[in-house]
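Let me begin by presenting the structure, written as structure tokens, before commenting on it.
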Amino acid sequence: MNEWLYVALFVFVGLLIPVGAIAAGFIFGPKKANPIKKSTYECGIEPVGEVWVQFKAQYYIFALVFLVFDVEAVFLFPWAVKLGQLGLYAVVEGILFITILIVGLVYTWRKGMLEWV
Amino acid sequence: MTQPTINDFHTILPMIVLSVWACLLLLVDLFIPKDRKGITALLAALGLILSLGFNLTRIGMESVGFSGMVVLDGFATFANVLLLLSGLFGVALAYGYVRRMGIERGEYYTLLLFSVCGMMLMAQAADLIIVFLALELLSIPLYVLAAFARGDMQSQEAGVKYFLLGAFATGFVVYGTALVFGATGTTSLGGIFAAASAGASTGSGNGLMFTIGAALILVGFGFKVAAVPFHMWTPDVYQGAPSAATAFMSSGAKVAGFVALLRVFSTSFPALASDMNGILWTLSALTMIVGNLIAIAQTNIKRMLAYSSIAHAGYILMAFVSYGNPQVASVSIASGMFYLMAYTLTNFGAWSVVVALEKAEGKGLEIADYAGVARKHPALAAAMAVFMLSFIGFPPTLGMVGKFYLFRAAIAGGYTGLALIGVLTSLVSAYYYLRVVVNMYMREGELVPEREPWLGFATALTAAATVALSLVPQWVFLLASTAVMK
Amino acid sequence: MIPLSWYLILAAGLFSIGLFGVLVRRNAVAILLGVELMLNAVNINLVSFWRYGDVLKMTGQVFAIIVFAVAAAEVAVGLALVISVYRSRNTVIADELDMMKW
């Protein structure tokens, strides 16, 4: 049970520090609001226009293609780690898997989805 | 780890052939000029025929492959033939339709092939992991096919709705699978049965987890086969999707869903039969009643056929109610398979007529538009009449024989009440099916159907098969029963 | 060690939150997020069942990997569909996709 006490203490202190800091700032700090101060990013470049800006649709297609390839790569990690023990069959199977991914890539490429226009 | 042998590949050879063919077709299609996509369709059909050929050589073979992940038996072979035929009809219906509607792109056929691959894998799955994988492989291409008419808002709406509800249903299936895995420690269908009968699932709340898991799987598949109360997506999706795609998804996806349901429940969950009987009974009765009653109010032929497909899911569910009763289970399941076949043929026929009469921008889809077709095109009207009669269950059609077998099996299993509901709802359904026929024969109108060789061939073939097979039903039923017997 | 039931309760809670999201959210993308939560609940279940069951059998882990790989493929298709609807209608609110009603 003792370990849990540490966890509780950790949570308590972890909460105390930010709450304390924010509360102290709220109590002691001067409050002189002006439009620039209230903007989302007070320092740096002044925000221009609406929050809902339009992204290029191309961006989404890139993101979707990336998403699929990114996640499929998860199968390659256990494969690569155990390759030595699994033998020839696993090598062939892995190559087959990558080939199928390449078919997908070739398809995207030929469809012109990889050109940034 | 055991190394796979050549026997493992033989187990799922038709599916492997088709998936390799689909991958190659995806690449080949890139080099086929835009105005000659008919070549892609022919190549897709060739792949399906090739796979069908391999599948036919598998008749009578039984094996288990990939450490018990997939299985080949008569049941799978029977289902595969049905699914590959669905794929072929799907290509035949789409061939002229997509060109006429201006949505012809080679991906249509590739997606269709991938979907058929998923369905075949579903029929051969012997492990819940494979069931899940196959479910996704068959569903994801169907979402895209539903939204295939990119310029058509209804089609896009159908795609999004199908996707959201489909993904939702998938969530249920996997959650159920995870619970069953937790309760039994295995995902293999046979292993689950063994663990459940060894009593591993009775101690410390495991029994409850097991039951809830099975129930969630049932809910998920209920969505896929469009059983009431999980049917809400069906009419919108079937109406919005391109007609040729709807024809394919209403037959293929339903066959695959039922085949998987059948295999999973009869292999893994016989122990739960007493809990499931009441639920399945209610599902089946509700589906028949709601589907048929709402269909009466429809004026759009696609929506009417959508509700009709819901109602038919109810009839097929009837075959499942007694899955745990060893005396009647095999006959009942065989009658379910027979009805699936009858439904697939009739359904493709009816949709082929819809496709032939559909005009650009969704014209020619109201039942009222069908007026007068009989005068100018007697053959087409006669074919539609055959399909409608088959849907009702009127002789001499396959639908009549199918319903006869179903009701007989239900009564043999002691579910006379359910059979009675089936008969009564069939009588109700006569009203809206015959309305189409009456419109075609008794009213005046001028709808000109499209003449496309493959489409006409599909219509003629399904009409002929619907009548001819009903004259020798015992042959087909024998096939179905030998498929089910193990 | 933390008992298995805690993980199951966490997963059931997550699944319910996802389910709630699917049922009440009106934005198609938010519904998709709900579905993802449901699938992630499944993954927690699978991995914890594996850890508390037979650790040498990798079924649970392998299934979890397959679930999220397939979920990614599904999301890719789903987002593409949502984008294509957005392009033609300028909305992703599910209630406004109501051209067809019975």
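In the structure tokens, chains take letters A, B, ... by order of appearance, with residues numbered from 1 within each chain and ligands from 1 in the order shown.
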
Proximity of chain A to chain B: per-residue shortest pair, 10 Å limit, only C-alpha atoms, as a Markdown table:
| residue | atom | partner | partner_atom | distance |
| --- | --- | --- | --- | --- |
| A:Gln85 | CA | B:Met1 | CA | 9.3 |
| A:Leu86 | CA | B:Met1 | CA | 7.8 |
| A:Gly87 | CA | B:Gln3 | CA | 9.0 |
| A:Leu88 | CA | B:Gln3 | CA | 9.7 |
| A:Tyr89 | CA | B:Gln3 | CA | 7.3 |
| A:Ala90 | CA | B:Gln3 | CA | 9.0 |
| A:Ile100 | CA | B:Cys23 | CA | 7.6 |
| A:Val103 | CA | B:Leu27 | CA | 7.1 |
| A:Gly104 | CA | B:Leu26 | CA | 8.6 |
| A:Val106 | CA | B:Leu27 | CA | 7.7 |
| A:Tyr107 | CA | B:Leu27 | CA | 6.5 |
| A:Arg110 | CA | B:Leu30 | CA | 7.0 |
| A:Lys111 | CA | B:Leu30 | CA | 7.8 |

If you keep N, CA and C atoms, can you produce a file of those selected residues as a JSON list (two decimals), in the first residue's frame?
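Okay, selection08.json is ready:
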[["chain", "number", "residue", "atom", "x", "y", "z"],
["A", 85, "GLN", "N", 15.01, -16.00, -36.81],
["A", 85, "GLN", "CA", 14.49, -17.29, -36.36],
["A", 85, "GLN", "C", 13.44, -17.86, -37.30],
["A", 86, "LEU", "N", 12.84, -17.00, -38.11],
["A", 86, "LEU", "CA", 11.69, -17.46, -38.88],
["A", 86, "LEU", "C", 12.07, -18.09, -40.21],
["A", 87, "GLY", "N", 13.25, -17.76, -40.72],
["A", 87, "GLY", "CA", 13.71, -18.43, -41.92],
["A", 87, "GLY", "C", 13.18, -17.83, -43.21],
["A", 88, "LEU", "N", 13.41, -18.61, -44.27],
["A", 88, "LEU", "CA", 13.18, -18.13, -45.63],
["A", 88, "LEU", "C", 11.73, -17.71, -45.85],
["A", 89, "TYR", "N", 10.81, -18.52, -45.29],
["A", 89, "TYR", "CA", 9.40, -18.25, -45.54],
["A", 89, "TYR", "C", 9.02, -16.84, -45.12],
["A", 90, "ALA", "N", 9.53, -16.43, -43.94],
["A", 90, "ALA", "CA", 9.19, -15.11, -43.43],
["A", 90, "ALA", "C", 9.77, -14.02, -44.33],
["A", 100, "ILE", "N", 3.08, -5.48, -51.95],
["A", 100, "ILE", "CA", 1.69, -5.01, -52.01],
["A", 100, "ILE", "C", 1.61, -3.53, -51.67],
["A", 103, "VAL", "N", 2.67, -1.66, -54.65],
["A", 103, "VAL", "CA", 1.58, -1.58, -55.64],
["A", 103, "VAL", "C", 0.71, -0.37, -55.33],
["A", 104, "GLY", "N", 0.40, -0.21, -54.03],
["A", 104, "GLY", "CA", -0.40, 0.94, -53.62],
["A", 104, "GLY", "C", 0.31, 2.25, -53.94],
["A", 106, "VAL", "N", 2.64, 2.80, -56.25],
["A", 106, "VAL", "CA", 2.68, 3.02, -57.69],
["A", 106, "VAL", "C", 1.34, 3.57, -58.17],
["A", 107, "TYR", "N", 0.28, 3.01, -57.61],
["A", 107, "TYR", "CA", -1.06, 3.46, -57.99],
["A", 107, "TYR", "C", -1.23, 4.94, -57.66],
["A", 110, "ARG", "N", 0.97, 7.06, -60.06],
["A", 110, "ARG", "CA", 0.44, 7.16, -61.42],
["A", 110, "ARG", "C", -0.80, 8.03, -61.48],
["A", 111, "LYS", "N", -1.56, 8.04, -60.38],
["A", 111, "LYS", "CA", -2.77, 8.87, -60.34],
["A", 111, "LYS", "C", -2.43, 10.33, -60.13]]

Would you mind listing what lies within 8 Å of region 430-442 of chain B as a PDB file with N, CA and C atoms, in the first residue's frame, with only C-alpha atoms counted and same-chain residues fewer than 3 positions away left out?
ATOM      1  N   ALA B 295     -42.182  -1.514 -46.496  1.00  0.00           N
ATOM      2  CA  ALA B 295     -42.022  -1.595 -47.951  1.00  0.00           C
ATOM      3  C   ALA B 295     -43.307  -1.174 -48.668  1.00  0.00           C
ATOM      4  N   ILE B 296     -44.450  -1.414 -48.039  1.00  0.00           N
ATOM      5  CA  ILE B 296     -45.732  -1.064 -48.674  1.00  0.00           C
ATOM      6  C   ILE B 296     -45.792   0.423 -48.999  1.00  0.00           C
ATOM      7  N   ILE B 367     -41.846   3.735 -58.896  1.00  0.00           N
ATOM      8  CA  ILE B 367     -42.598   2.565 -59.343  1.00  0.00           C
ATOM      9  C   ILE B 367     -43.624   2.992 -60.393  1.00  0.00           C
ATOM     10  N   ALA B 368     -44.132   4.210 -60.251  1.00  0.00           N
ATOM     11  CA  ALA B 368     -45.113   4.710 -61.215  1.00  0.00           C
ATOM     12  C   ALA B 368     -44.514   4.836 -62.615  1.00  0.00           C
ATOM     13  N   TYR B 370     -42.815   2.772 -64.096  1.00  0.00           N
ATOM     14  CA  TYR B 370     -42.742   1.485 -64.768  1.00  0.00           C
ATOM     15  C   TYR B 370     -43.976   1.198 -65.604  1.00  0.00           C
ATOM     16  N   ALA B 371     -44.910   2.133 -65.597  1.00  0.00           N
ATOM     17  CA  ALA B 371     -46.158   1.926 -66.321  1.00  0.00           C
ATOM     18  C   ALA B 371     -45.889   1.657 -67.791  1.00  0.00           C
ATOM     19  N   GLY B 372     -46.538   0.678 -68.328  1.00  0.00           N
ATOM     20  CA  GLY B 372     -46.511   0.438 -69.755  1.00  0.00           C
ATOM     21  C   GLY B 372     -45.289  -0.251 -70.302  1.00  0.00           C
ATOM     22  N   VAL B 373     -44.401  -0.693 -69.443  1.00  0.00           N
ATOM     23  CA  VAL B 373     -43.199  -1.355 -69.942  1.00  0.00           C
ATOM     24  C   VAL B 373     -43.574  -2.652 -70.670  1.00  0.00           C
ATOM     25  N   ALA B 374     -44.633  -3.310 -70.202  1.00  0.00           N
ATOM     26  CA  ALA B 374     -44.989  -4.612 -70.762  1.00  0.00           C
ATOM     27  C   ALA B 374     -45.352  -4.525 -72.237  1.00  0.00           C
ATOM     28  N   ARG B 375     -46.015  -3.421 -72.623  1.00  0.00           N
ATOM     29  CA  ARG B 375     -46.463  -3.336 -74.007  1.00  0.00           C
ATOM     30  C   ARG B 375     -45.288  -3.286 -74.975  1.00  0.00           C
ATOM     31  N   ALA B 381     -40.581  -7.101 -69.006  1.00  0.00           N
ATOM     32  CA  ALA B 381     -41.674  -7.092 -68.033  1.00  0.00           C
ATOM     33  C   ALA B 381     -41.922  -8.493 -67.498  1.00  0.00           C
ATOM     34  N   MET B 384     -39.283  -9.276 -64.956  1.00  0.00           N
ATOM     35  CA  MET B 384     -39.547  -8.593 -63.690  1.00  0.00           C
ATOM     36  C   MET B 384     -40.680  -9.291 -62.949  1.00  0.00           C
ATOM     37  N   ALA B 385     -41.712  -9.725 -63.683  1.00  0.00           N
ATOM     38  CA  ALA B 385     -42.834 -10.425 -63.045  1.00  0.00           C
ATOM     39  C   ALA B 385     -42.342 -11.698 -62.361  1.00  0.00           C
ATOM     40  N   MET B 388     -40.557 -10.710 -59.148  1.00  0.00           N
ATOM     41  CA  MET B 388     -41.475 -10.277 -58.103  1.00  0.00           C
ATOM     42  C   MET B 388     -42.214 -11.481 -57.513  1.00  0.00           C
ATOM     43  N   LEU B 389     -42.640 -12.403 -58.381  1.00  0.00           N
ATOM     44  CA  LEU B 389     -43.326 -13.604 -57.897  1.00  0.00           C
ATOM     45  C   LEU B 389     -42.398 -14.433 -57.018  1.00  0.00           C
ATOM     46  N   PHE B 391     -39.939 -13.241 -55.222  1.00  0.00           N
ATOM     47  CA  PHE B 391     -39.808 -12.551 -53.937  1.00  0.00           C
ATOM     48  C   PHE B 391     -41.005 -12.868 -53.041  1.00  0.00           C
ATOM     49  N   ILE B 392     -42.191 -12.913 -53.646  1.00  0.00           N
ATOM     50  CA  ILE B 392     -43.388 -13.213 -52.845  1.00  0.00           C
ATOM     51  C   ILE B 392     -43.340 -14.659 -52.353  1.00  0.00           C
ATOM     52  N   SER B 426     -45.478 -12.876 -45.985  1.00  0.00           N
ATOM     53  CA  SER B 426     -45.331 -13.103 -47.423  1.00  0.00           C
ATOM     54  C   SER B 426     -46.596 -12.659 -48.148  1.00  0.00           C
ATOM     55  N   LEU B 427     -47.749 -12.939 -47.524  1.00  0.00           N
ATOM     56  CA  LEU B 427     -49.012 -12.508 -48.129  1.00  0.00           C
ATOM     57  C   LEU B 427     -49.059 -10.986 -48.219  1.00  0.00           C
TER      58      LEU B 427
END

| request: Name the residues in contact with Thr59 (chain C) at a cut-off of 10 Å, using only C-alpha atoms, excluding same-chain residues fewer than 5 positions from it; report them as a ChimeraX atom specification. | output: /B:129,181,185-188 /C:46-47,49-50,54,64

Output N, CA and C atoms for every residue in that selection, as a PDB file, in the first residue's frame.
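Everything below was put into result_1.pdb:
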ATOM      1  N   ILE B 129     -10.156 -13.718 -35.622  1.00  0.00           N
ATOM      2  CA  ILE B 129      -9.295 -12.683 -36.203  1.00  0.00           C
ATOM      3  C   ILE B 129      -9.546 -12.600 -37.711  1.00  0.00           C
ATOM      4  N   PHE B 181     -12.629 -13.730 -26.479  1.00  0.00           N
ATOM      5  CA  PHE B 181     -11.221 -14.103 -26.331  1.00  0.00           C
ATOM      6  C   PHE B 181     -10.833 -14.102 -24.861  1.00  0.00           C
ATOM      7  N   GLY B 185      -9.792 -17.510 -23.793  1.00  0.00           N
ATOM      8  CA  GLY B 185      -8.350 -17.528 -24.011  1.00  0.00           C
ATOM      9  C   GLY B 185      -7.943 -17.921 -25.411  1.00  0.00           C
ATOM     10  N   THR B 186      -8.892 -17.967 -26.342  1.00  0.00           N
ATOM     11  CA  THR B 186      -8.547 -18.317 -27.716  1.00  0.00           C
ATOM     12  C   THR B 186      -9.498 -17.605 -28.665  1.00  0.00           C
ATOM     13  N   THR B 187      -9.049 -17.453 -29.925  1.00  0.00           N
ATOM     14  CA  THR B 187      -9.939 -16.856 -30.915  1.00  0.00           C
ATOM     15  C   THR B 187     -10.332 -17.863 -31.978  1.00  0.00           C
ATOM     16  N   SER B 188      -9.795 -19.093 -31.876  1.00  0.00           N
ATOM     17  CA  SER B 188     -10.140 -20.091 -32.884  1.00  0.00           C
ATOM     18  C   SER B 188     -11.558 -20.596 -32.630  1.00  0.00           C
TER      19      SER B 188
ATOM     20  N   LEU C  46      -7.930  -6.420 -25.412  1.00  0.00           N
ATOM     21  CA  LEU C  46      -7.142  -7.504 -25.996  1.00  0.00           C
ATOM     22  C   LEU C  46      -5.793  -7.629 -25.310  1.00  0.00           C
ATOM     23  N   VAL C  47      -5.124  -6.477 -25.141  1.00  0.00           N
ATOM     24  CA  VAL C  47      -3.780  -6.529 -24.571  1.00  0.00           C
ATOM     25  C   VAL C  47      -3.827  -6.961 -23.111  1.00  0.00           C
ATOM     26  N   PHE C  49      -6.155  -8.867 -21.672  1.00  0.00           N
ATOM     27  CA  PHE C  49      -6.480 -10.295 -21.638  1.00  0.00           C
ATOM     28  C   PHE C  49      -5.233 -11.117 -21.931  1.00  0.00           C
ATOM     29  N   TRP C  50      -4.440 -10.624 -22.886  1.00  0.00           N
ATOM     30  CA  TRP C  50      -3.207 -11.334 -23.218  1.00  0.00           C
ATOM     31  C   TRP C  50      -2.270 -11.369 -22.008  1.00  0.00           C
ATOM     32  N   ASP C  54      -2.489 -16.412 -21.041  1.00  0.00           N
ATOM     33  CA  ASP C  54      -1.303 -17.154 -21.418  1.00  0.00           C
ATOM     34  C   ASP C  54      -0.349 -16.212 -22.152  1.00  0.00           C
ATOM     35  N   ALA C  64      -4.491  -7.139 -31.548  1.00  0.00           N
ATOM     36  CA  ALA C  64      -4.516  -5.689 -31.303  1.00  0.00           C
ATOM     37  C   ALA C  64      -3.849  -4.942 -32.454  1.00  0.00           C
TER      38      ALA C  64
END

Could you name the residues that touch region 16-29 of chain C at 9 Å or less, counting only C-alpha atoms, but leaving out those on the same chain fewer than 5 positions away, as a short mmCIF file (atom, residue, chain, number, x, y, z; two decimals) with C-alpha atoms, in the first residue's frame?
data_model
loop_
_atom_site.label_atom_id
_atom_site.label_comp_id
_atom_site.auth_asym_id
_atom_site.auth_seq_id
_atom_site.Cartn_x
_atom_site.Cartn_y
_atom_site.Cartn_z
CA VAL B 160 -20.87 8.40 -45.62
CA LEU B 164 -20.37 5.50 -40.29
CA PHE B 168 -19.96 1.42 -35.74
CA ALA C 11 -12.08 -0.39 -21.57
CA GLY C 34 -16.22 7.99 -31.36
CA VAL C 35 -15.78 4.88 -33.47
CA GLU C 36 -12.02 5.12 -32.98
CA LEU C 37 -12.49 5.29 -29.21
CA MET C 38 -14.58 2.11 -29.40
CA LEU C 39 -11.84 0.33 -31.31
CA ALA C 41 -11.25 0.16 -25.99
CA GLY C 78 -13.91 7.39 -44.11
CA LEU C 79 -12.09 10.72 -44.12
CA VAL C 82 -16.21 13.00 -45.60
CA THR C 91 -21.00 20.60 -44.40
CA VAL C 92 -19.92 17.62 -42.36
CA ILE C 93 -22.93 17.68 -40.05
CA ALA C 94 -24.55 14.27 -40.18
CA ASP C 95 -28.07 15.64 -39.64
CA GLU C 96 -27.80 17.74 -42.74
#

Residues of chain A within 9 Å of chain C, using only C-alpha atoms, as a list in words? Ala57, Tyr60, Ile61, Ala63, Leu64, Val65, Leu67, Val68, Val71, Glu72, Val74 and Phe75 of chain A

What would the file look like if the residues just selected were written as a short mmCIF file (atom, residue, chain, number, x, y, z; two decimals), in the first residue's frame with N, CA and C atoms?
data_model
loop_
_atom_site.label_atom_id
_atom_site.label_comp_id
_atom_site.auth_asym_id
_atom_site.auth_seq_id
_atom_site.Cartn_x
_atom_site.Cartn_y
_atom_site.Cartn_z
N ALA A 57 -6.75 20.99 -50.37
CA ALA A 57 -7.31 19.64 -50.31
C ALA A 57 -6.21 18.61 -50.51
N TYR A 60 -4.85 16.89 -47.46
CA TYR A 60 -5.56 15.77 -46.87
C TYR A 60 -5.19 14.46 -47.56
N ILE A 61 -5.08 14.52 -48.88
CA ILE A 61 -4.75 13.29 -49.60
C ILE A 61 -3.37 12.79 -49.19
N ALA A 63 -2.02 13.37 -46.34
CA ALA A 63 -2.15 12.87 -44.97
C ALA A 63 -2.73 11.47 -44.97
N LEU A 64 -3.75 11.23 -45.81
CA LEU A 64 -4.39 9.92 -45.84
C LEU A 64 -3.42 8.85 -46.32
N VAL A 65 -2.68 9.18 -47.38
CA VAL A 65 -1.72 8.21 -47.91
C VAL A 65 -0.65 7.92 -46.86
N LEU A 67 -0.93 8.21 -43.63
CA LEU A 67 -1.53 7.47 -42.52
C LEU A 67 -1.49 5.96 -42.76
N VAL A 68 -1.93 5.57 -43.96
CA VAL A 68 -2.00 4.15 -44.26
C VAL A 68 -0.61 3.52 -44.25
N VAL A 71 0.92 3.26 -40.68
CA VAL A 71 0.41 2.24 -39.77
C VAL A 71 0.76 0.84 -40.26
N GLU A 72 0.76 0.66 -41.60
CA GLU A 72 1.10 -0.68 -42.09
C GLU A 72 2.53 -1.05 -41.70
N VAL A 74 3.79 -0.99 -38.99
CA VAL A 74 3.82 -1.64 -37.68
C VAL A 74 4.06 -3.14 -37.81
N PHE A 75 3.60 -3.72 -38.93
CA PHE A 75 3.78 -5.16 -39.12
C PHE A 75 5.24 -5.49 -39.38
#

Quick one: DSSP alpha helix (DSSP H) residues in chain A, as a ChimeraX atom specification? /A:2-28,35-38,57-72,76-86,88-110

Each chain B residue no farther than 7 Å from chain C, nearest pair in Å, only C-alpha atoms, as a tab-separated table:
residue	atom	partner	partner_atom	distance
B:Ile129	CA	C:Phe63	CA	6.5
B:Ile140	CA	C:Glu74	CA	6.6
B:Gln154	CA	C:Met99	CA	6.7
B:Gln156	CA	C:Val85	CA	6.0
B:Glu157	CA	C:Leu97	CA	6.1
B:Gly159	CA	C:Leu81	CA	6.8
B:Val160	CA	C:Leu81	CA	6.0
B:Phe163	CA	C:Gly78	CA	6.4
B:Leu164	CA	C:Leu32	CA	7.0
B:Ala167	CA	C:Val35	CA	6.7
B:Phe168	CA	C:Val35	CA	5.9
B:Gly171	CA	C:Leu39	CA	5.7
B:Val174	CA	C:Val42	CA	6.6
B:Tyr175	CA	C:Val42	CA	5.2
B:Ala178	CA	C:Leu46	CA	5.7
B:Gly182	CA	C:Phe49	CA	5.4
B:Gly185	CA	C:Gly53	CA	6.8
B:Asp236	CA	C:Met100	CA	5.9

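Of note, CA of Leu179 (chain B) and CA of Gln124 (chain B) are spaced 22.4 Å apart.
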
| task | Mind the document's chain letters and residue numbers, and return as a list in words the residues of region 156-380 of chain B that DSSP labels strand (DSSP E or B). | result |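 Checking each residue of region 156-380 of chain B, the strand (DSSP E or B) ones are Ser188, Asn300, Lys359, Lys363 and Glu366 of chain B.
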
Writer output for current selection, N, CA and C atoms, as a PDB file, in the first residue's frame:
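Listing of again.pdb after writing:
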ATOM      1  N   SER B 188      -9.795 -19.093 -31.876  1.00  0.00           N
ATOM      2  CA  SER B 188     -10.140 -20.091 -32.884  1.00  0.00           C
ATOM      3  C   SER B 188     -11.558 -20.596 -32.630  1.00  0.00           C
ATOM      4  N   ASN B 300     -40.446   4.623 -54.367  1.00  0.00           N
ATOM      5  CA  ASN B 300     -39.218   4.514 -55.138  1.00  0.00           C
ATOM      6  C   ASN B 300     -38.818   3.042 -55.195  1.00  0.00           C
ATOM      7  N   LYS B 359     -32.674   6.017 -65.693  1.00  0.00           N
ATOM      8  CA  LYS B 359     -32.152   7.049 -66.593  1.00  0.00           C
ATOM      9  C   LYS B 359     -31.200   7.938 -65.804  1.00  0.00           C
ATOM     10  N   LYS B 363     -33.690   9.504 -62.821  1.00  0.00           N
ATOM     11  CA  LYS B 363     -35.028   9.393 -63.410  1.00  0.00           C
ATOM     12  C   LYS B 363     -35.366   7.912 -63.634  1.00  0.00           C
ATOM     13  N   GLU B 366     -39.085   5.729 -59.988  1.00  0.00           N
ATOM     14  CA  GLU B 366     -40.347   5.612 -59.258  1.00  0.00           C
ATOM     15  C   GLU B 366     -41.098   4.393 -59.793  1.00  0.00           C
TER      16      GLU B 366
END

Take CA of Lys254 (chain B) and CA of Val225 (chain B) and report the distance between them in Å, one decimal.
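Atom-to-atom, CA of Lys254 (chain B) and CA of Val225 (chain B) are spaced 5.1 Å apart.
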
Give me, as number ranges by chain, all polymer residues having an atom no more than 9 Å from Ile333 (chain B), counting only C-alpha atoms and skipping those fewer than 2 positions away in the same chain.
B: 262, 319-320, 322-323, 328-331, 335-338, 409, 480-481, 484

Any chance you could export the current selection's C-alpha atoms as a short mmCIF file (atom, residue, chain, number, x, y, z; two decimals), in the first residue's frame?
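And here's result_5.cif as it stands now:
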data_model
loop_
_atom_site.label_atom_id
_atom_site.label_comp_id
_atom_site.auth_asym_id
_atom_site.auth_seq_id
_atom_site.Cartn_x
_atom_site.Cartn_y
_atom_site.Cartn_z
CA LEU B 262 -23.82 -19.27 -39.39
CA ALA B 319 -33.12 -20.79 -40.45
CA PHE B 320 -30.80 -19.76 -37.60
CA SER B 322 -32.75 -23.66 -34.26
CA TYR B 323 -28.98 -23.71 -34.82
CA VAL B 328 -32.90 -30.09 -37.07
CA ALA B 329 -29.85 -27.81 -37.28
CA SER B 330 -28.35 -29.26 -40.45
CA VAL B 331 -31.62 -29.34 -42.41
CA SER B 335 -32.62 -24.53 -46.13
CA GLY B 336 -31.05 -21.21 -45.12
CA MET B 337 -28.27 -21.71 -47.67
CA PHE B 338 -30.83 -22.67 -50.31
CA ALA B 409 -37.53 -26.54 -41.25
CA ALA B 480 -26.81 -27.36 -50.07
CA SER B 481 -27.31 -30.19 -47.60
CA VAL B 484 -23.65 -28.36 -44.67
#

- Would you mind listing what lies within 12 Å of Gly53 (chain B) as number ranges by chain, with only C-alpha atoms counted and same-chain residues fewer than 4 positions away left out? B: 13-15, 17-18, 46-49, 57-59, 77, 80-81, 84-85
